[in-house]
$ cat entry_28.txt   # compact mmCIF, C-alpha atoms
# COMPACT_ATOMS: atom_id res chain seq x y z
CA MET A 470 17.21 19.88 14.31
CA ASP A 471 19.89 20.45 11.69
CA HIS A 472 19.58 18.71 8.34
CA ALA A 473 23.06 17.51 7.31
CA ALA A 474 24.15 18.79 3.91
CA ASP A 475 24.72 15.28 2.53
CA VAL A 476 21.36 13.87 3.71
CA PRO A 477 19.12 13.52 0.64
CA ASP A 478 15.44 14.40 0.74
CA VAL A 479 13.13 11.37 0.67
CA PHE A 480 10.03 13.23 1.85
CA ASP A 481 8.94 15.27 -1.19
CA PRO A 482 6.14 13.25 -2.87
CA ARG A 483 7.09 14.69 -6.26
CA ILE A 484 10.36 12.72 -6.16
CA TYR A 485 8.37 9.49 -6.36
CA ALA A 486 6.63 10.54 -9.56
CA VAL A 487 10.02 10.04 -11.25
CA GLY A 488 10.75 6.72 -9.55
CA VAL A 489 11.54 5.18 -6.20
CA PRO A 490 14.72 7.04 -5.11
CA HIS A 491 16.90 3.97 -4.60
CA GLU A 492 20.18 5.87 -4.86
CA ARG A 493 19.03 8.27 -2.13
CA TYR A 494 17.95 5.35 0.01
CA ARG A 495 21.34 3.66 -0.48
CA LEU A 496 23.13 6.81 0.63
CA LEU A 497 20.96 6.99 3.74
CA ARG A 498 21.49 3.31 4.57
CA ASP A 499 25.26 3.66 4.23
CA ARG A 500 25.79 7.00 5.96
CA HIS A 501 22.63 8.07 7.82
CA PRO A 502 20.48 5.02 8.65
CA VAL A 503 18.32 7.19 10.93
CA ALA A 504 18.26 10.58 9.19
CA TRP A 505 16.41 13.77 10.01
CA GLN A 506 14.04 14.92 7.27
CA PRO A 507 12.44 18.38 7.22
CA GLU A 508 8.78 18.67 6.18
CA PRO A 509 8.42 21.86 4.15
CA GLU A 510 5.10 23.02 2.72
CA ILE A 511 4.60 21.27 -0.63
CA THR A 512 1.84 21.71 -3.22
CA GLY A 513 -0.40 23.47 -0.72
CA TRP A 514 -0.06 20.91 2.05
CA PRO A 515 1.18 22.52 5.26
CA ALA A 516 4.69 22.18 6.67
CA GLY A 517 5.36 19.77 9.52
CA PRO A 518 7.93 19.44 12.29
CA GLY A 519 10.14 16.88 10.51
CA PHE A 520 10.81 13.21 11.18
CA TRP A 521 13.47 10.50 11.40
CA ALA A 522 13.76 8.40 8.22
CA VAL A 523 14.65 4.76 8.97
CA THR A 524 16.08 2.96 5.94
CA ARG A 525 17.99 -0.19 6.97
CA HIS A 526 16.10 -3.49 7.04
CA ALA A 527 17.07 -4.43 10.61
CA ASP A 528 16.01 -1.04 11.97
CA VAL A 529 12.74 -1.04 10.01
CA VAL A 530 11.86 -4.46 11.44
CA ARG A 531 12.85 -3.29 14.93
CA VAL A 532 10.53 -0.29 14.71
CA LEU A 533 7.61 -2.28 13.31
CA ARG A 534 7.89 -4.97 15.99
CA ASP A 535 8.45 -2.78 19.07
CA HIS A 536 5.10 -1.14 19.77
CA ARG A 537 6.20 -0.03 23.23
CA ARG A 538 8.87 2.30 21.87
CA TYR A 539 7.26 3.04 18.50
CA SER A 540 3.57 3.78 18.85
CA SER A 541 0.88 3.80 16.17
CA TRP A 542 -1.59 5.34 18.63
CA LEU A 543 0.30 8.48 19.69
CA GLY A 544 0.29 10.24 16.32
CA ALA A 545 -1.35 7.73 13.92
CA THR A 546 0.54 6.24 10.98
CA GLN A 547 0.79 8.88 8.23
CA ILE A 548 3.84 11.14 7.90
CA ARG A 549 1.77 14.31 8.06
CA ASP A 550 0.49 15.09 11.53
CA PRO A 551 -3.29 14.85 11.75
CA ASP A 552 -5.34 17.71 13.06
CA PRO A 553 -5.35 17.21 16.85
CA ALA A 554 -9.14 17.33 16.73
CA ASP A 555 -9.13 14.35 14.34
CA LEU A 556 -6.75 12.17 16.36
CA PRO A 557 -9.39 10.55 18.64
CA PHE A 558 -11.33 9.64 15.50
CA LEU A 559 -8.29 8.16 13.76
CA ARG A 560 -7.48 6.07 16.83
CA ARG A 561 -10.68 4.07 16.31
CA THR A 562 -9.08 2.00 13.56
CA MET A 563 -6.74 -0.86 14.46
CA LEU A 564 -4.14 0.59 12.07
CA ASN A 565 -3.69 3.44 14.55
CA GLN A 566 -3.79 1.40 17.76
CA ASP A 567 -1.19 -0.40 19.85
CA PRO A 568 -1.51 -3.73 21.65
CA PRO A 569 -3.45 -4.83 23.60
CA ASP A 570 -6.37 -2.81 22.14
CA HIS A 571 -5.13 -3.48 18.61
CA GLY A 572 -5.11 -7.24 19.16
CA GLY A 573 -8.75 -7.44 20.19
CA LEU A 574 -9.94 -5.61 17.09
CA ARG A 575 -7.58 -7.54 14.84
CA ARG A 576 -8.92 -10.86 16.12
CA LEU A 577 -12.46 -9.72 15.35
CA VAL A 578 -11.72 -8.87 11.74
CA ALA A 579 -9.43 -11.90 11.31
CA ARG A 580 -12.41 -14.15 12.02
CA ALA A 581 -14.17 -12.48 9.09
CA PHE A 582 -11.12 -12.46 6.83
CA THR A 583 -10.12 -16.12 7.08
CA PRO A 584 -7.85 -17.87 4.56
CA ALA A 585 -10.67 -20.36 3.89
CA ARG A 586 -13.08 -17.56 2.96
CA VAL A 587 -10.41 -15.97 0.77
CA ASP A 588 -9.55 -19.26 -0.95
CA ALA A 589 -13.20 -19.83 -1.75
CA PHE A 590 -12.92 -16.91 -4.17
CA ALA A 591 -9.93 -18.36 -6.06
CA GLY A 592 -11.97 -19.58 -9.02
CA ARG A 593 -13.75 -16.26 -9.37
CA VAL A 594 -10.43 -14.39 -9.17
CA ARG A 595 -8.98 -16.55 -11.97
CA ASP A 596 -12.04 -16.07 -14.19
CA ARG A 597 -11.78 -12.32 -13.68
CA ALA A 598 -8.08 -12.26 -14.59
CA ARG A 599 -8.78 -14.19 -17.80
CA THR A 600 -11.72 -11.99 -18.72
CA LEU A 601 -9.92 -8.70 -18.13
CA LEU A 602 -6.77 -9.78 -19.98
CA ALA A 603 -8.85 -11.03 -22.91
CA GLY A 604 -10.71 -7.72 -22.94
CA ALA A 605 -7.45 -5.79 -23.01
CA ARG A 606 -6.35 -7.79 -26.05
CA GLU A 607 -9.69 -7.44 -27.79
CA HIS A 608 -9.86 -3.67 -27.40
CA ALA A 609 -6.16 -2.96 -27.88
CA GLU A 610 -5.20 0.12 -29.85
CA ASP A 611 -2.17 -0.47 -32.09
CA GLY A 612 -1.57 -3.71 -30.22
CA SER A 613 -1.17 -2.07 -26.80
CA ALA A 614 -3.30 -1.14 -23.81
CA ASP A 615 -3.01 0.78 -20.58
CA LEU A 616 -3.04 -2.12 -18.13
CA VAL A 617 -3.99 0.11 -15.21
CA ARG A 618 -7.15 1.34 -16.90
CA THR A 619 -8.13 -1.91 -18.63
CA VAL A 620 -7.05 -4.57 -16.14
CA THR A 621 -5.45 -3.88 -12.77
CA ASP A 622 -7.77 -1.21 -11.34
CA GLU A 623 -10.84 -3.28 -12.14
CA TYR A 624 -9.19 -6.51 -11.05
CA ALA A 625 -8.28 -5.22 -7.58
CA LEU A 626 -11.61 -3.46 -7.06
CA LEU A 627 -13.93 -6.25 -8.21
CA ASN A 628 -12.07 -8.96 -6.30
CA LEU A 629 -12.28 -6.91 -3.11
CA THR A 630 -15.95 -6.05 -3.53
CA ASP A 631 -16.75 -9.73 -4.14
CA LEU A 632 -15.01 -10.63 -0.89
CA LEU A 633 -16.70 -7.81 1.04
CA GLY A 634 -20.11 -8.49 -0.49
CA VAL A 635 -20.61 -5.04 -2.03
CA PRO A 636 -23.45 -4.99 -4.60
CA PRO A 637 -22.27 -4.46 -8.20
CA ALA A 638 -24.13 -1.15 -8.55
CA ASP A 639 -22.10 0.36 -5.68
CA ARG A 640 -18.61 -0.75 -6.67
CA ALA A 641 -17.51 2.43 -8.41
CA LEU A 642 -17.96 4.24 -5.09
CA LEU A 643 -15.12 2.24 -3.55
CA LEU A 644 -12.69 3.21 -6.29
CA GLU A 645 -13.73 6.87 -5.99
CA TRP A 646 -13.11 6.83 -2.24
CA THR A 647 -9.76 5.06 -2.66
CA VAL A 648 -8.52 7.56 -5.25
CA ARG A 649 -9.55 10.47 -3.03
CA ILE A 650 -7.83 9.07 0.05
CA ILE A 651 -4.71 7.53 -1.50
CA GLY A 652 -3.98 9.90 -4.37
CA TYR A 653 -4.48 13.17 -2.54
CA GLN A 654 -0.86 14.31 -3.08
CA ASP A 655 -1.15 13.88 -6.86
CA PRO A 656 -2.80 16.87 -8.57
CA ASP A 657 -3.60 14.76 -11.65
CA ASP A 658 -4.88 11.66 -9.86
CA ALA A 659 -7.06 13.09 -7.11
CA PRO A 660 -10.09 15.34 -7.36
CA GLU A 661 -9.67 18.99 -6.43
CA PRO A 662 -9.09 19.07 -2.66
CA LEU A 663 -11.69 20.61 -0.40
CA LEU A 664 -10.38 23.58 1.55
CA GLY A 665 -10.91 24.40 5.20
CA PRO A 666 -11.73 27.84 6.63
CA ASP A 667 -8.01 28.69 6.63
CA GLY A 668 -7.76 28.05 2.89
CA LYS A 669 -5.62 24.95 3.42
CA PRO A 670 -6.60 21.54 1.96
CA LEU A 671 -8.59 19.33 4.30
CA ASN A 672 -7.05 15.97 5.14
CA PRO A 673 -9.00 13.39 3.08
CA ARG A 674 -8.83 11.03 6.08
CA SER A 675 -10.59 13.51 8.37
CA PRO A 676 -14.09 12.65 9.66
CA ALA A 677 -15.51 15.59 7.72
CA LEU A 678 -14.58 13.95 4.42
CA LEU A 679 -15.35 10.33 5.30
CA GLY A 680 -19.00 10.79 6.23
CA GLU A 681 -20.29 9.44 2.91
CA MET A 682 -18.21 6.27 3.20
CA PHE A 683 -19.24 5.70 6.80
CA ALA A 684 -22.93 6.16 6.04
CA TYR A 685 -22.59 3.59 3.29
CA ALA A 686 -20.84 1.15 5.65
CA ARG A 687 -23.73 1.39 8.11
CA GLU A 688 -26.32 0.88 5.36
CA LEU A 689 -24.47 -2.11 3.94
CA ALA A 690 -24.07 -3.71 7.38
CA ALA A 691 -27.79 -3.27 8.06
CA HIS A 692 -28.56 -4.88 4.69
CA LYS A 693 -26.23 -7.80 5.46
CA SER A 694 -27.89 -8.31 8.84
CA ARG A 695 -31.21 -8.77 7.03
CA HIS A 696 -29.79 -10.63 4.01
CA PRO A 697 -26.64 -12.48 5.14
CA GLY A 698 -24.16 -13.94 2.70
CA ASP A 699 -20.79 -15.68 2.80
CA ASP A 700 -18.80 -12.45 2.74
CA VAL A 701 -16.72 -10.27 5.00
CA MET A 702 -19.33 -7.56 5.57
CA THR A 703 -21.86 -10.14 6.75
CA ALA A 704 -19.28 -11.45 9.22
CA LEU A 705 -18.50 -7.91 10.44
CA ALA A 706 -22.19 -6.97 10.66
CA THR A 707 -22.78 -9.89 13.05
CA ALA A 708 -19.54 -9.55 15.05
CA GLY A 709 -20.90 -7.25 17.74
CA LEU A 710 -18.90 -4.19 16.63
CA ASP A 711 -20.06 -0.75 17.67
CA PRO A 712 -20.90 1.61 14.76
CA ALA A 713 -17.58 3.46 14.93
CA GLU A 714 -15.58 0.22 14.82
CA LEU A 715 -17.62 -1.04 11.88
CA GLU A 716 -17.09 2.21 9.97
CA MET A 717 -13.35 2.17 10.50
CA PHE A 718 -13.04 -1.48 9.51
CA PHE A 719 -14.90 -0.73 6.29
CA PHE A 720 -12.60 2.24 5.68
CA LEU A 721 -9.49 0.15 6.28
CA LEU A 722 -10.61 -2.81 4.15
CA THR A 723 -11.85 -0.60 1.33
CA VAL A 724 -8.73 1.54 1.04
CA ALA A 725 -5.93 -0.81 2.13
CA GLY A 726 -7.55 -3.89 0.62
CA ASN A 727 -8.05 -2.22 -2.74
CA ASP A 728 -4.86 -0.24 -3.06
CA THR A 729 -2.45 -3.01 -2.06
CA VAL A 730 -3.22 -4.99 -5.22
CA ARG A 731 -4.03 -1.88 -7.25
CA SER A 732 -0.44 -0.72 -6.68
CA ALA A 733 1.38 -4.05 -6.64
CA ALA A 734 -0.13 -5.60 -9.78
CA PRO A 735 1.04 -3.00 -12.32
CA GLY A 736 4.33 -2.70 -10.43
CA GLY A 737 4.97 -6.40 -10.89
CA LEU A 738 4.09 -6.29 -14.59
CA LEU A 739 6.38 -3.30 -15.06
CA ALA A 740 9.25 -5.15 -13.37
CA LEU A 741 8.71 -8.13 -15.68
CA ALA A 742 8.56 -5.87 -18.74
CA ARG A 743 11.94 -4.44 -17.76
CA ASP A 744 13.46 -7.93 -17.41
CA PRO A 745 12.14 -10.12 -20.23
CA ASP A 746 14.62 -12.90 -19.47
CA ALA A 747 13.26 -13.22 -15.95
CA TYR A 748 9.73 -13.25 -17.38
CA ARG A 749 10.58 -16.04 -19.84
CA ARG A 750 11.97 -18.17 -17.02
CA LEU A 751 8.75 -17.62 -15.08
CA ALA A 752 6.57 -18.46 -18.10
CA ALA A 753 8.65 -21.60 -18.72
CA GLY A 754 7.97 -22.81 -15.18
CA GLN A 755 11.53 -22.38 -13.94
CA HIS A 756 10.26 -20.36 -10.98
CA SER A 757 7.16 -20.90 -8.87
CA ALA A 758 4.52 -18.22 -9.22
CA ALA A 759 4.35 -17.92 -5.43
CA GLY A 760 8.07 -17.21 -5.15
CA ALA A 761 7.88 -14.77 -8.05
CA VAL A 762 5.09 -12.86 -6.30
CA ASP A 763 7.27 -12.27 -3.25
CA GLU A 764 10.21 -11.07 -5.34
CA LEU A 765 7.98 -8.74 -7.35
CA LEU A 766 6.58 -7.43 -4.07
CA ARG A 767 10.13 -6.90 -2.83
CA VAL A 768 11.09 -4.76 -5.82
CA HIS A 769 7.73 -2.96 -5.93
CA PRO A 770 6.19 -2.77 -2.45
CA PRO A 771 2.70 -1.26 -2.58
CA VAL A 772 3.42 0.95 0.45
CA LEU A 773 6.54 3.13 0.53
CA SER A 774 6.49 4.31 4.13
CA PHE A 775 4.70 4.11 7.46
CA ARG A 776 4.97 6.35 10.49
CA ARG A 777 5.30 5.63 14.19
CA THR A 778 5.83 8.04 17.11
CA ALA A 779 8.56 7.54 19.70
CA ALA A 780 7.00 6.80 23.09
CA VAL A 781 10.21 7.24 25.11
CA ASP A 782 13.66 8.79 24.79
CA HIS A 783 16.08 6.20 23.37
CA GLU A 784 18.70 5.51 20.70
CA LEU A 785 18.00 3.94 17.32
CA ALA A 786 21.04 2.82 15.30
CA GLY A 787 23.15 5.15 17.46
CA GLN A 788 20.91 8.16 16.88
CA PRO A 789 19.34 9.80 19.96
CA VAL A 790 15.56 9.97 19.56
CA ARG A 791 13.23 11.93 21.84
CA ALA A 792 9.76 10.94 22.98
CA GLY A 793 7.26 12.50 20.59
CA ASP A 794 9.58 12.38 17.54
CA LYS A 795 8.09 11.00 14.35
CA ILE A 796 9.77 7.80 13.13
CA VAL A 797 9.09 6.85 9.49
CA VAL A 798 10.16 3.48 8.10
CA PHE A 799 10.81 3.16 4.36
CA HIS A 800 9.79 -0.29 3.10
CA ALA A 801 11.27 0.16 -0.38
CA SER A 802 14.66 0.96 1.15
CA ALA A 803 14.60 -1.97 3.57
CA ASN A 804 13.77 -4.28 0.64
CA HIS A 805 16.96 -3.20 -1.13
CA ASP A 806 19.27 -3.36 1.89
CA GLU A 807 22.53 -4.99 0.79
CA ARG A 808 23.01 -6.22 4.35
CA VAL A 809 20.08 -8.61 3.85
CA PHE A 810 19.56 -9.09 0.10
CA THR A 811 22.37 -10.23 -2.21
CA ASP A 812 22.47 -8.10 -5.37
CA PRO A 813 19.25 -6.31 -4.37
CA ASP A 814 18.85 -4.43 -7.65
CA ARG A 815 18.55 -7.72 -9.55
CA LEU A 816 15.11 -9.24 -10.12
CA ASP A 817 15.61 -12.81 -8.88
CA LEU A 818 12.26 -14.62 -9.12
CA GLY A 819 13.77 -17.61 -7.32
CA ARG A 820 15.18 -15.58 -4.42
CA THR A 821 15.12 -17.47 -1.16
CA PRO A 822 14.94 -16.56 1.60
CA ASN A 823 13.12 -13.34 0.81
CA PRO A 824 12.36 -11.49 4.07
CA HIS A 825 10.88 -8.39 2.41
CA VAL A 826 8.76 -6.04 4.50
CA SER A 827 6.26 -5.13 1.78
CA PHE A 828 3.41 -6.29 4.02
CA GLY A 829 4.99 -4.82 7.15
CA ASP A 830 6.07 -6.78 10.21
CA GLY A 831 5.13 -7.12 13.85
CA PRO A 832 1.61 -6.73 15.22
CA HIS A 833 0.44 -4.67 12.24
CA VAL A 834 1.55 -7.09 9.51
CA CYS A 835 -0.96 -6.87 6.65
CA LEU A 836 -4.13 -8.81 7.45
CA GLY A 837 -4.97 -9.13 3.75
CA ALA A 838 -1.58 -10.47 2.63
CA HIS A 839 -3.01 -13.90 1.78
CA PHE A 840 -5.72 -12.39 -0.43
CA ALA A 841 -3.22 -10.05 -2.10
CA ARG A 842 -0.82 -12.90 -2.86
CA LEU A 843 -3.67 -15.00 -4.29
CA GLN A 844 -4.69 -12.21 -6.65
CA LEU A 845 -1.15 -11.38 -7.76
CA ARG A 846 -0.18 -15.01 -8.30
CA THR A 847 -3.31 -15.64 -10.36
CA LEU A 848 -2.83 -12.54 -12.51
CA TYR A 849 0.78 -13.42 -13.35
CA GLU A 850 -0.14 -17.05 -14.08
CA GLU A 851 -2.89 -15.97 -16.44
CA TRP A 852 -0.61 -13.45 -18.14
CA CYS A 853 2.00 -16.18 -18.74
CA ALA A 854 -0.67 -18.50 -20.13
CA ALA A 855 -2.31 -16.11 -22.60
CA MET A 856 -0.28 -12.95 -23.17
CA PRO A 857 2.92 -12.00 -25.00
CA VAL A 858 6.16 -11.17 -23.24
CA PRO A 859 5.30 -7.91 -21.44
CA GLU A 860 6.83 -5.00 -23.32
CA LEU A 861 6.42 -1.30 -22.67
CA ALA A 862 4.45 0.50 -25.38
CA GLY A 863 4.90 3.94 -23.86
CA ARG A 864 6.04 5.69 -20.74
CA PRO A 865 4.48 4.59 -17.45
CA ARG A 866 3.14 7.26 -15.12
CA ARG A 867 3.75 7.05 -11.39
CA LEU A 868 1.62 8.44 -8.58
CA VAL A 869 2.84 11.59 -6.84
CA SER A 870 2.98 10.12 -3.33
CA ASN A 871 5.49 9.37 -0.58
CA PHE A 872 3.08 6.78 0.84
CA ILE A 873 1.72 4.60 -1.97
CA ASN A 874 4.03 3.15 -4.64
CA GLY A 875 1.39 3.69 -7.28
CA ILE A 876 1.40 3.43 -11.05
CA THR A 877 -1.41 5.32 -12.74
CA ARG A 878 -0.60 4.45 -16.37
CA LEU A 879 1.11 1.34 -17.74
CA PRO A 880 1.02 0.97 -21.54
CA LEU A 881 2.03 -2.58 -22.48
CA ARG A 882 1.95 -4.57 -25.69
CA VAL A 883 -0.94 -7.03 -25.45
CA SER A 884 -1.22 -8.37 -29.02
CA GLY A 885 0.78 -11.31 -30.24
CA PRO A 886 1.32 -14.95 -29.30
CA ALA A 887 1.79 -15.96 -25.69
CA GLY A 888 5.48 -15.83 -24.90
$ encode --input "entry_28.txt" --output "structure tokens"
Amino acid sequence: MDHAADVPDVFDPRIYAVGVPHERYRLLRDRHPVAWQPEPEITGWPAGPGFWAVTRHADVVRVLRDHRRYSSWLGATQIRDPDPADLPFLRRTMLNQDPPDHGGLRRLVARAFTPARVDAFAGRVRDRARTLLAGAREHAEDGSADLVRTVTDEYALLNLTDLLGVPPADRALLLEWTVRIIGYQDPDDAPEPLLGPDGKPLNPRSPALLGEMFAYARELAAHKSRHPGDDVMTALATAGLDPAELEMFFFLLTVAGNDTVRSAAPGGLLALARDPDAYRRLAAGQHSAAGAVDELLRVHPPVLSFRRTAAVDHELAGQPVRAGDKIVVFHASANHDERVFTDPDRLDLGRTPNPHVSFGDGPHVCLGAHFARLQLRTLYEEWCAAMPVPELAGRPRRLVSNFINGITRLPLRVSGPAG
């Protein structure tokens, strides 16, 4: 398919290291709401056949809700095509399934991941936020600290491992696995990729590279069966899952559950640092913390894109689409669609309604959204209570990724009176 000369590239993961390409998204929304994107070979990762980029809010929601036309099962949910030999393996997780199979698995894990169980951890989450923020202040160098290294990575990881019931001695493993799987496009964030026989990097989501995580999931489930606790892994271990389902649930909860907050928390703090007036209104109680969380998620969604595969020939926003074509929705673009959000580039912590798609939509809407909102709300409340007005003390560093809206370094001023 031809790539129109005025269609900007929103595929190259290196673009996102500079910033979310909002001007490119705006051009696509206005002129090419369903735009063909080539997939050239980049940084050693092989070329692909190309895909349709969907950038308007209404079309993104349509794709996410219509599983009959836009399948998660046919080609999984990452832009890059998986190795055909890996596809049956990837289809074991509910992320890569369509209803009705998806619904059965989702109901199983939902019974383990209840709002009541999540809310029971609220006090522990608040204590952790206070402790980590106090530690950042105490160990600040020249009055500043890298909030990713000192606060947000630990905060997201330890909250998740508490909820899962992972023993403290094993918690670093979860961060290592998350970095390997999420940051694989970033040469500075991920370990050196393992190469296959053809000299090309192996997909970090392939079964060959997830064996260690899966073995751990089986061991932990066996331990929980013998020593049950009030945690998600105990509930999963006793839910009657087969070993493959258990492994894939652990994979999904470990990676998605960790990286949602790991990406959103520093993104929210960065947005507040760039708009001190909005922060002061929040700290003064002029906006609810819950509403602020949703607006900060709108401007910094943790996930940039998700892929579906067209199941039938049809038209989307006037564009003919063929069965088998890749369809990629861009959450960060939909969240800035002027057709839905008034003055979308403005941080409005009191924005209502706020129908952002940062947690997706349709049958695959994020199962952990309640837990993520709890953690984000608590962190921002504790920052307002104890910390100065957030102010950049250096240049942030963004993850090289067209999938995760990650921040890998966030130097902020942490010394001084609460503002």
$ residues_around --input "entry_28.txt" --residues "A:Arg575" --least-positions-apart "6" --cutoff "12 Å" --atoms "only C-alpha atoms" --output "JSON, numbers by chain"
{"A": [562, 563, 564, 565, 566, 567, 568, 569, 581, 582, 583, 705, 710, 714, 718, 721, 832, 833, 834, 835, 836, 837]}
$ closest_residue --input "entry_28.txt" --among "A:Asn823, A:Thr600, A:Asn804, A:Asn874" --to "A:Gly736" --atoms "only C-alpha atoms"
A:Asn874
$ atom_distance --input "entry_28.txt" --atom1 "atom CA of A:Pro824" --atom2 "atom CA of A:Asp499"
19.9 Å
$ atom_distance --input "entry_28.txt" --atom1 "atom CA of A:Val798" --atom2 "atom CA of A:Ser774"
5.5 Å
$ atom_distance --input "entry_28.txt" --atom1 "atom CA of A:Gln506" --atom2 "atom CA of A:His769"
23.1 Å
$ closest_residue --input "entry_28.txt" --among "A:Leu632, A:Gly760, A:Asp812, A:Arg866" --to "A:Ala591" --atoms "all atoms listed in the file"
A:Leu632
$ residues_near_point --input "entry_28.txt" --point "(-5.1, -3.6, -12.2)" --cutoff "8 Å" --atoms "all atoms listed in the file" --output "list in words"
Leu616, Val617, Arg618, Thr619, Val620, Thr621, Asp622, Glu623, Tyr624, Ala625, Val730, Arg731, Ser732, Ala734 and Pro735 of chain A
$ closest_residue --input "entry_28.txt" --among "A:Thr546, A:Ser757, A:Asn628, A:Asn727" --to "A:Asp700" --atoms "all atoms listed in the file"
A:Asn628
$ residues_around --input "entry_28.txt" --residues "A:Asp481" --least-positions-apart "2" --cutoff "9 Å" --atoms "all atoms listed in the file" --output "ChimeraX atom specification"
/A:478-479,483-485,508-509,511,870-871
$ write_last_selection --input "entry_28.txt" --atoms "C-alpha atoms" --output "mmCIF file, keeping the file's coordinate frame"
data_model
loop_
_atom_site.group_PDB
_atom_site.id
_atom_site.type_symbol
_atom_site.label_atom_id
_atom_site.label_comp_id
_atom_site.auth_asym_id
_atom_site.auth_seq_id
_atom_site.Cartn_x
_atom_site.Cartn_y
_atom_site.Cartn_z
ATOM 1 C CA ASP A 478 15.440 14.400 0.740
ATOM 2 C CA VAL A 479 13.130 11.370 0.670
ATOM 3 C CA ARG A 483 7.090 14.690 -6.260
ATOM 4 C CA ILE A 484 10.360 12.720 -6.160
ATOM 5 C CA TYR A 485 8.370 9.490 -6.360
ATOM 6 C CA GLU A 508 8.780 18.670 6.180
ATOM 7 C CA PRO A 509 8.420 21.860 4.150
ATOM 8 C CA ILE A 511 4.600 21.270 -0.630
ATOM 9 C CA SER A 870 2.980 10.120 -3.330
ATOM 10 C CA ASN A 871 5.490 9.370 -0.580
#
$ axis_aligned_box --input "entry_28.txt" --around "stretch 758-765 of chain A" --padding-each-side "4 Å" --output "lines of an AutoDock Vina configuration file"
center_x = 7.3
center_y = -13.5
center_z = -6.2
size_x = 13.9
size_y = 17.5
size_z = 14.0
$ closest_residue --input "entry_28.txt" --among "A:Asp588, A:Asp728, A:Glu716, A:Glu492" --to "A:Glu645" --atoms "all atoms listed in the file"
A:Asp728
$ residues_near_point --input "entry_28.txt" --point "(4.7, 6.3, 11.2)" --cutoff "12 Å" --atoms "all atoms listed in the file" --output "PyMOL selection string"
chain A and resi 519-523+529+532-533+536+539-551+564-566+773-779+793-800+829+833+872
$ closest_residue --input "entry_28.txt" --among "A:Ser802, A:Ser613, A:Thr630, A:Thr847" --to "A:Ala759" --atoms "all atoms listed in the file"
A:Thr847
$ closest_residue --input "entry_28.txt" --among "A:Ala585, A:Val476, A:Val530, A:Leu751" --to "A:Leu497" --atoms "all atoms listed in the file"
A:Val476
